[in-house]
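S.K.: Below is upload_26.txt; it holds compact mmCIF, N, CA and C atoms and all ligand atoms.
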```
# COMPACT_ATOMS: atom_id res chain seq x y z
N MET A 1 1.31 -0.69 -13.55
CA MET A 1 2.66 -0.15 -13.30
C MET A 1 3.12 -0.55 -11.90
N SER A 2 4.41 -0.81 -11.78
CA SER A 2 4.95 -1.10 -10.46
C SER A 2 6.08 -0.12 -10.16
N LEU A 3 6.40 0.01 -8.87
CA LEU A 3 7.45 0.92 -8.45
C LEU A 3 8.53 0.14 -7.73
N LEU A 4 9.74 0.67 -7.81
CA LEU A 4 10.86 -0.02 -7.17
C LEU A 4 11.02 0.46 -5.73
N ARG A 5 11.06 -0.49 -4.82
CA ARG A 5 11.36 -0.16 -3.43
C ARG A 5 12.50 -1.06 -2.98
N SER A 6 13.48 -0.48 -2.27
CA SER A 6 14.60 -1.33 -1.86
C SER A 6 14.29 -1.97 -0.52
N CYS A 7 14.74 -3.22 -0.38
CA CYS A 7 14.51 -4.00 0.83
C CYS A 7 15.39 -3.46 1.95
N PRO A 8 14.81 -3.16 3.14
CA PRO A 8 15.64 -2.63 4.23
C PRO A 8 16.62 -3.67 4.77
N ALA A 9 16.35 -4.95 4.53
CA ALA A 9 17.22 -5.99 5.07
C ALA A 9 18.39 -6.29 4.14
N CYS A 10 18.12 -6.48 2.84
CA CYS A 10 19.20 -6.89 1.94
C CYS A 10 19.52 -5.85 0.88
N GLY A 11 18.70 -4.80 0.77
CA GLY A 11 19.02 -3.73 -0.16
C GLY A 11 18.60 -3.98 -1.59
N ARG A 12 18.08 -5.18 -1.88
CA ARG A 12 17.67 -5.48 -3.26
C ARG A 12 16.41 -4.69 -3.62
N SER A 13 16.30 -4.32 -4.91
CA SER A 13 15.11 -3.62 -5.38
C SER A 13 13.97 -4.61 -5.60
N ASN A 14 12.80 -4.23 -5.11
CA ASN A 14 11.61 -5.06 -5.32
C ASN A 14 10.59 -4.26 -6.11
N ARG A 15 9.93 -4.93 -7.04
CA ARG A 15 8.86 -4.27 -7.78
C ARG A 15 7.56 -4.39 -6.98
N VAL A 16 6.99 -3.25 -6.63
CA VAL A 16 5.74 -3.24 -5.87
C VAL A 16 4.66 -2.65 -6.76
N PRO A 17 3.57 -3.39 -7.00
CA PRO A 17 2.50 -2.84 -7.85
C PRO A 17 1.95 -1.53 -7.25
N ALA A 18 1.55 -0.60 -8.11
CA ALA A 18 1.09 0.72 -7.66
C ALA A 18 -0.03 0.62 -6.63
N GLY A 19 -0.88 -0.40 -6.74
CA GLY A 19 -2.01 -0.53 -5.83
C GLY A 19 -1.65 -1.14 -4.49
N HIS A 20 -0.38 -1.52 -4.30
CA HIS A 20 0.00 -2.21 -3.06
C HIS A 20 1.04 -1.46 -2.24
N LEU A 21 1.21 -0.17 -2.51
CA LEU A 21 2.23 0.59 -1.79
C LEU A 21 1.93 0.73 -0.30
N ALA A 22 0.66 0.66 0.07
CA ALA A 22 0.29 0.82 1.48
C ALA A 22 0.16 -0.54 2.17
N ASP A 23 0.52 -1.61 1.47
CA ASP A 23 0.38 -2.96 2.05
C ASP A 23 1.73 -3.49 2.54
N VAL A 24 1.66 -4.50 3.40
CA VAL A 24 2.86 -5.22 3.82
C VAL A 24 3.19 -6.23 2.73
N GLY A 25 4.47 -6.28 2.32
CA GLY A 25 4.89 -7.23 1.31
C GLY A 25 6.07 -8.06 1.81
N ARG A 26 6.67 -8.78 0.90
CA ARG A 26 7.81 -9.61 1.26
C ARG A 26 8.89 -9.46 0.19
N CYS A 27 10.13 -9.32 0.61
CA CYS A 27 11.24 -9.18 -0.33
C CYS A 27 11.38 -10.46 -1.14
N GLY A 28 11.47 -10.32 -2.47
CA GLY A 28 11.61 -11.48 -3.34
C GLY A 28 12.95 -12.18 -3.17
N ALA A 29 13.95 -11.48 -2.69
CA ALA A 29 15.29 -12.06 -2.55
C ALA A 29 15.49 -12.72 -1.19
N CYS A 30 15.21 -12.00 -0.09
CA CYS A 30 15.53 -12.54 1.24
C CYS A 30 14.28 -12.84 2.07
N HIS A 31 13.10 -12.53 1.54
CA HIS A 31 11.82 -12.81 2.19
C HIS A 31 11.58 -12.00 3.46
N ALA A 32 12.39 -10.97 3.68
CA ALA A 32 12.13 -10.07 4.81
C ALA A 32 10.84 -9.29 4.53
N GLN A 33 10.23 -8.79 5.59
CA GLN A 33 8.99 -8.04 5.44
C GLN A 33 9.29 -6.66 4.82
N LEU A 34 8.48 -6.30 3.83
CA LEU A 34 8.54 -4.95 3.28
C LEU A 34 7.37 -4.18 3.87
N ARG A 35 7.72 -3.18 4.66
CA ARG A 35 6.67 -2.45 5.35
C ARG A 35 5.95 -1.50 4.40
N PRO A 36 4.73 -1.07 4.76
CA PRO A 36 4.01 -0.11 3.91
C PRO A 36 4.83 1.17 3.72
N LEU A 37 4.65 1.79 2.58
CA LEU A 37 5.35 3.04 2.28
C LEU A 37 5.15 4.04 3.43
N ALA A 38 6.25 4.57 3.97
CA ALA A 38 6.17 5.46 5.14
C ALA A 38 6.88 6.78 4.89
N GLU A 39 7.18 7.05 3.61
CA GLU A 39 7.81 8.34 3.29
C GLU A 39 7.20 8.87 2.00
N PRO A 40 7.28 10.20 1.79
CA PRO A 40 6.73 10.75 0.55
C PRO A 40 7.48 10.20 -0.65
N LEU A 41 6.73 9.93 -1.71
CA LEU A 41 7.29 9.35 -2.93
C LEU A 41 7.21 10.39 -4.04
N ASP A 42 8.34 10.70 -4.67
CA ASP A 42 8.33 11.62 -5.80
C ASP A 42 7.70 10.94 -7.00
N ALA A 43 6.67 11.56 -7.57
CA ALA A 43 5.92 10.90 -8.63
C ALA A 43 5.95 11.70 -9.92
N THR A 44 6.16 10.98 -11.02
CA THR A 44 5.96 11.55 -12.34
C THR A 44 4.46 11.50 -12.64
N GLU A 45 4.06 12.09 -13.76
CA GLU A 45 2.64 12.07 -14.11
C GLU A 45 2.14 10.63 -14.30
N ALA A 46 2.93 9.79 -14.95
CA ALA A 46 2.52 8.39 -15.20
C ALA A 46 2.39 7.63 -13.87
N GLN A 47 3.34 7.85 -12.98
CA GLN A 47 3.28 7.18 -11.68
C GLN A 47 2.10 7.69 -10.86
N PHE A 48 1.88 9.00 -10.90
CA PHE A 48 0.74 9.59 -10.21
C PHE A 48 -0.56 8.93 -10.67
N ASP A 49 -0.75 8.85 -11.99
CA ASP A 49 -2.00 8.27 -12.51
C ASP A 49 -2.16 6.82 -12.09
N ALA A 50 -1.05 6.07 -12.12
CA ALA A 50 -1.12 4.64 -11.76
C ALA A 50 -1.45 4.48 -10.28
N ILE A 51 -0.81 5.29 -9.44
CA ILE A 51 -0.98 5.13 -8.00
C ILE A 51 -2.36 5.64 -7.55
N VAL A 52 -2.73 6.84 -8.00
CA VAL A 52 -4.03 7.39 -7.60
C VAL A 52 -5.17 6.54 -8.14
N GLY A 53 -4.97 5.98 -9.34
CA GLY A 53 -6.01 5.15 -9.95
C GLY A 53 -6.18 3.80 -9.26
N ALA A 54 -5.08 3.26 -8.70
CA ALA A 54 -5.13 1.91 -8.14
C ALA A 54 -5.25 1.88 -6.62
N ALA A 55 -4.99 3.03 -5.96
CA ALA A 55 -4.92 3.02 -4.49
C ALA A 55 -6.25 2.68 -3.86
N ARG A 56 -6.20 1.82 -2.82
CA ARG A 56 -7.41 1.52 -2.05
C ARG A 56 -7.43 2.31 -0.75
N VAL A 57 -6.45 3.19 -0.59
CA VAL A 57 -6.38 4.10 0.56
C VAL A 57 -6.30 5.52 0.01
N PRO A 58 -6.56 6.54 0.84
CA PRO A 58 -6.44 7.92 0.34
C PRO A 58 -4.99 8.23 -0.06
N VAL A 59 -4.85 9.14 -1.00
CA VAL A 59 -3.52 9.58 -1.45
C VAL A 59 -3.42 11.08 -1.20
N LEU A 60 -2.42 11.46 -0.38
CA LEU A 60 -2.14 12.88 -0.13
C LEU A 60 -1.05 13.31 -1.10
N VAL A 61 -1.30 14.39 -1.84
CA VAL A 61 -0.32 14.87 -2.81
C VAL A 61 0.16 16.25 -2.40
N ASP A 62 1.48 16.39 -2.33
CA ASP A 62 2.13 17.67 -2.05
C ASP A 62 2.64 18.22 -3.37
N PHE A 63 1.95 19.25 -3.88
CA PHE A 63 2.43 19.94 -5.08
C PHE A 63 3.43 20.99 -4.62
N TRP A 64 4.66 20.92 -5.15
CA TRP A 64 5.73 21.79 -4.67
C TRP A 64 6.66 22.14 -5.83
N ALA A 65 7.65 22.99 -5.55
CA ALA A 65 8.70 23.28 -6.53
C ALA A 65 9.99 23.59 -5.78
N PRO A 66 11.13 23.31 -6.43
CA PRO A 66 12.42 23.51 -5.75
C PRO A 66 12.68 24.96 -5.35
N TRP A 67 12.14 25.94 -6.08
CA TRP A 67 12.41 27.36 -5.78
C TRP A 67 11.51 27.91 -4.68
N CYS A 68 10.56 27.11 -4.20
CA CYS A 68 9.50 27.60 -3.30
C CYS A 68 9.92 27.43 -1.83
N GLY A 69 10.17 28.57 -1.16
CA GLY A 69 10.59 28.53 0.25
C GLY A 69 9.58 27.89 1.17
N PRO A 70 8.30 28.32 1.10
CA PRO A 70 7.28 27.69 1.96
C PRO A 70 7.17 26.18 1.74
N CYS A 71 7.48 25.72 0.52
CA CYS A 71 7.44 24.27 0.26
C CYS A 71 8.51 23.56 1.08
N ARG A 72 9.67 24.21 1.21
CA ARG A 72 10.74 23.62 2.03
C ARG A 72 10.33 23.60 3.50
N THR A 73 9.61 24.64 3.92
CA THR A 73 9.11 24.68 5.31
C THR A 73 8.13 23.53 5.55
N ALA A 74 7.31 23.25 4.54
CA ALA A 74 6.27 22.23 4.69
C ALA A 74 6.83 20.81 4.58
N ALA A 75 7.98 20.66 3.93
CA ALA A 75 8.48 19.31 3.61
C ALA A 75 8.62 18.40 4.83
N PRO A 76 9.20 18.89 5.96
CA PRO A 76 9.31 17.97 7.13
C PRO A 76 7.94 17.58 7.69
N GLU A 77 6.95 18.46 7.55
CA GLU A 77 5.59 18.14 8.00
C GLU A 77 4.99 17.03 7.13
N VAL A 78 5.28 17.11 5.84
CA VAL A 78 4.79 16.08 4.91
C VAL A 78 5.45 14.74 5.24
N GLU A 79 6.74 14.78 5.58
CA GLU A 79 7.44 13.54 5.94
C GLU A 79 6.86 12.93 7.22
N LYS A 80 6.57 13.78 8.20
CA LYS A 80 5.97 13.28 9.45
C LYS A 80 4.60 12.66 9.17
N ALA A 81 3.81 13.32 8.34
CA ALA A 81 2.48 12.81 8.02
C ALA A 81 2.59 11.45 7.32
N ALA A 82 3.56 11.33 6.39
CA ALA A 82 3.73 10.07 5.66
C ALA A 82 4.07 8.94 6.62
N LYS A 83 4.90 9.24 7.62
CA LYS A 83 5.29 8.22 8.59
C LYS A 83 4.08 7.83 9.45
N ALA A 84 3.33 8.84 9.91
CA ALA A 84 2.19 8.57 10.79
C ALA A 84 1.08 7.83 10.05
N LEU A 85 0.97 8.04 8.73
CA LEU A 85 -0.14 7.48 7.95
C LEU A 85 0.24 6.18 7.24
N ALA A 86 1.45 5.67 7.49
CA ALA A 86 1.91 4.45 6.80
C ALA A 86 0.89 3.33 6.95
N GLY A 87 0.53 2.71 5.84
CA GLY A 87 -0.45 1.62 5.84
C GLY A 87 -1.88 2.10 5.71
N ARG A 88 -2.12 3.39 5.97
CA ARG A 88 -3.48 3.93 5.89
C ARG A 88 -3.64 4.92 4.74
N ALA A 89 -2.52 5.39 4.20
CA ALA A 89 -2.56 6.36 3.11
C ALA A 89 -1.22 6.32 2.37
N ILE A 90 -1.21 6.93 1.20
CA ILE A 90 0.01 7.07 0.40
C ILE A 90 0.27 8.56 0.26
N VAL A 91 1.52 8.97 0.39
CA VAL A 91 1.88 10.38 0.26
C VAL A 91 2.80 10.54 -0.95
N LEU A 92 2.37 11.37 -1.89
CA LEU A 92 3.15 11.63 -3.09
C LEU A 92 3.60 13.08 -3.10
N LYS A 93 4.77 13.30 -3.73
CA LYS A 93 5.22 14.66 -4.00
C LYS A 93 5.26 14.86 -5.50
N VAL A 94 4.63 15.95 -5.95
CA VAL A 94 4.64 16.27 -7.38
C VAL A 94 5.38 17.59 -7.56
N ASN A 95 6.50 17.53 -8.26
CA ASN A 95 7.28 18.72 -8.58
C ASN A 95 6.59 19.45 -9.74
N THR A 96 6.04 20.63 -9.44
CA THR A 96 5.23 21.32 -10.46
C THR A 96 6.09 21.90 -11.58
N GLU A 97 7.41 21.97 -11.36
CA GLU A 97 8.31 22.41 -12.44
C GLU A 97 8.47 21.32 -13.49
N SER A 98 8.65 20.07 -13.01
CA SER A 98 8.88 18.98 -13.96
C SER A 98 7.57 18.32 -14.39
N GLN A 99 6.46 18.54 -13.63
CA GLN A 99 5.16 17.93 -13.98
C GLN A 99 4.07 19.01 -14.08
N PRO A 100 4.27 20.02 -14.94
CA PRO A 100 3.32 21.14 -14.97
C PRO A 100 1.90 20.73 -15.37
N ALA A 101 1.78 19.70 -16.19
CA ALA A 101 0.45 19.29 -16.65
C ALA A 101 -0.41 18.79 -15.50
N LEU A 102 0.21 18.12 -14.54
CA LEU A 102 -0.53 17.61 -13.37
C LEU A 102 -1.05 18.77 -12.53
N ALA A 103 -0.20 19.76 -12.30
CA ALA A 103 -0.61 20.92 -11.50
C ALA A 103 -1.78 21.63 -12.19
N GLN A 104 -1.69 21.73 -13.50
CA GLN A 104 -2.75 22.40 -14.26
C GLN A 104 -4.06 21.60 -14.18
N ARG A 105 -3.94 20.29 -14.29
CA ARG A 105 -5.13 19.42 -14.28
C ARG A 105 -5.93 19.59 -12.99
N PHE A 106 -5.23 19.83 -11.88
CA PHE A 106 -5.93 19.91 -10.60
C PHE A 106 -6.03 21.35 -10.08
N GLY A 107 -5.82 22.31 -10.98
CA GLY A 107 -6.07 23.71 -10.64
C GLY A 107 -5.14 24.26 -9.58
N VAL A 108 -3.90 23.76 -9.55
CA VAL A 108 -2.94 24.24 -8.56
C VAL A 108 -2.32 25.55 -9.06
N ARG A 109 -2.64 26.65 -8.36
CA ARG A 109 -2.12 27.96 -8.78
C ARG A 109 -1.08 28.49 -7.84
N SER A 110 -1.13 28.13 -6.57
CA SER A 110 -0.08 28.54 -5.65
C SER A 110 0.40 27.32 -4.89
N ILE A 111 1.67 27.33 -4.54
CA ILE A 111 2.26 26.18 -3.86
C ILE A 111 2.94 26.64 -2.57
N PRO A 112 3.07 25.78 -1.56
CA PRO A 112 2.63 24.39 -1.62
C PRO A 112 1.11 24.28 -1.69
N ASN A 113 0.67 23.18 -2.28
CA ASN A 113 -0.75 22.88 -2.36
C ASN A 113 -0.91 21.41 -1.99
N PHE A 114 -1.85 21.16 -1.10
CA PHE A 114 -2.09 19.78 -0.65
C PHE A 114 -3.45 19.32 -1.13
N THR A 115 -3.48 18.17 -1.78
CA THR A 115 -4.73 17.61 -2.30
C THR A 115 -4.84 16.16 -1.85
N VAL A 116 -6.02 15.79 -1.39
CA VAL A 116 -6.28 14.40 -1.01
C VAL A 116 -7.17 13.77 -2.07
N PHE A 117 -6.75 12.60 -2.56
CA PHE A 117 -7.52 11.86 -3.55
C PHE A 117 -8.10 10.61 -2.92
N ARG A 118 -9.33 10.31 -3.27
CA ARG A 118 -9.98 9.09 -2.81
C ARG A 118 -10.67 8.47 -4.02
N ASP A 119 -10.41 7.19 -4.27
CA ASP A 119 -10.98 6.52 -5.44
C ASP A 119 -10.71 7.30 -6.73
N GLY A 120 -9.52 7.84 -6.83
CA GLY A 120 -9.10 8.52 -8.05
C GLY A 120 -9.55 9.95 -8.20
N GLN A 121 -10.36 10.44 -7.26
CA GLN A 121 -10.89 11.79 -7.38
C GLN A 121 -10.39 12.68 -6.25
N PRO A 122 -10.13 13.99 -6.55
CA PRO A 122 -9.75 14.90 -5.47
C PRO A 122 -10.96 15.15 -4.56
N VAL A 123 -10.76 14.99 -3.24
CA VAL A 123 -11.86 15.20 -2.29
C VAL A 123 -11.58 16.35 -1.34
N TRP A 124 -10.36 16.87 -1.38
CA TRP A 124 -9.98 17.96 -0.47
C TRP A 124 -8.75 18.64 -1.05
N GLN A 125 -8.71 19.96 -0.98
CA GLN A 125 -7.54 20.68 -1.49
C GLN A 125 -7.33 21.95 -0.69
N GLN A 126 -6.07 22.19 -0.33
CA GLN A 126 -5.78 23.43 0.40
C GLN A 126 -4.36 23.91 0.09
N PRO A 127 -4.23 25.19 -0.31
CA PRO A 127 -2.89 25.74 -0.53
C PRO A 127 -2.31 26.27 0.79
N GLY A 128 -0.99 26.43 0.81
CA GLY A 128 -0.31 27.01 1.96
C GLY A 128 0.33 25.96 2.85
N VAL A 129 1.23 26.44 3.72
CA VAL A 129 1.95 25.53 4.62
C VAL A 129 0.98 25.00 5.67
N LEU A 130 0.99 23.68 5.88
CA LEU A 130 0.16 23.06 6.90
C LEU A 130 1.03 22.18 7.79
N GLY A 131 0.64 22.05 9.04
CA GLY A 131 1.34 21.16 9.96
C GLY A 131 0.95 19.72 9.69
N HIS A 132 1.79 18.79 10.18
CA HIS A 132 1.51 17.38 9.90
C HIS A 132 0.18 16.93 10.50
N GLY A 133 -0.21 17.51 11.64
CA GLY A 133 -1.49 17.15 12.25
C GLY A 133 -2.67 17.53 11.37
N GLN A 134 -2.57 18.70 10.73
CA GLN A 134 -3.64 19.14 9.82
C GLN A 134 -3.69 18.23 8.58
N LEU A 135 -2.52 17.85 8.09
CA LEU A 135 -2.46 16.97 6.91
C LEU A 135 -3.05 15.60 7.26
N GLU A 136 -2.68 15.08 8.42
CA GLU A 136 -3.17 13.76 8.83
C GLU A 136 -4.69 13.79 9.00
N ALA A 137 -5.20 14.87 9.60
CA ALA A 137 -6.65 14.98 9.81
C ALA A 137 -7.39 15.02 8.47
N ALA A 138 -6.84 15.75 7.51
CA ALA A 138 -7.49 15.85 6.20
C ALA A 138 -7.53 14.48 5.53
N VAL A 139 -6.46 13.72 5.67
CA VAL A 139 -6.40 12.38 5.06
C VAL A 139 -7.37 11.44 5.75
N LEU A 140 -7.39 11.48 7.08
CA LEU A 140 -8.22 10.52 7.82
C LEU A 140 -9.71 10.79 7.62
N ARG A 141 -10.06 12.05 7.31
CA ARG A 141 -11.46 12.34 6.99
C ARG A 141 -11.86 11.66 5.69
N ALA A 142 -10.88 11.36 4.83
CA ALA A 142 -11.17 10.76 3.52
C ALA A 142 -11.17 9.23 3.58
N VAL A 143 -10.79 8.64 4.71
CA VAL A 143 -10.71 7.17 4.80
C VAL A 143 -12.10 6.57 4.71
ZN ZN A 201 15.56 -8.44 1.02
```
Produce structure tokens that represent the structure in this file.

M.R.:
Amino acid sequence: MSLLRSCPACGRSNRVPAGHLADVGRCGACHAQLRPLAEPLDATEAQFDAIVGAARVPVLVDFWAPWCGPCRTAAPEVEKAAKALAGRAIVLKVNTESQPALAQRFGVRSIPNFTVFRDGQPVWQQPGVLGHGQLEAAVLRAV
């Protein structure tokens, strides 16, 4: 599976394979550099499986829901962590309202819930609001 990322230089959509989201690429249209993913990516269950299964870097997953106040508090921290970890990790957001099966699969009972995956397996999980420094530390321990 590949994901669409728009080129910052020309705006064209590029297909990036799920296993290469943390890599430097090149725009197929204008050949500008496509930098590693530096922001949280909203993932469906199919995208989650493709990315977590193919990633060669740790994947931090933010399980959240639109009605959850603490999730909104945590969101800017997740964005900061994604920026700081660009090229070293992938950050996904899973909406537990639209992807309930994923939350169930990983035993997510309260949100926000942060889980780090390495080689397709969860290696760390913690519920509650966390600062970006705590999120980054949890990811870097999994590298
Ligand atoms: Zn381009």

S.K.: Measure the distance from CA of Arg109 in chain A to CA of Val57 in chain A in Å and round it to one decimal.

M.R.: 26.0 Å

S.K.: Taking all atoms listed in the file into account, which residues are within 7 Å of ligand ZN 201 (chain A), as a PyMOL selection string?

M.R.: chain A and resi 6-12+26-32

S.K.: Just the number, please: distance in Å from CA of Gly107 in chain A to CA of Ala55 in chain A, one decimal.

M.R.: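 Computing the Euclidean distance for CA of Gly107 in chain A and CA of Ala55 in chain A yields 21.6 Å.
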
S.K.: Could you please write out, as a PyMOL selection string, every residue of chain A that DSSP assigns to alpha helix (DSSP H)?

M.R.: chain A and resi 45-54+69-84+100-105+132-141

S.K.: Measure the distance from atom C of Val116 in chain A to CA of Val24 in chain A in Å and round it to one decimal.

M.R.: 22.3 Å
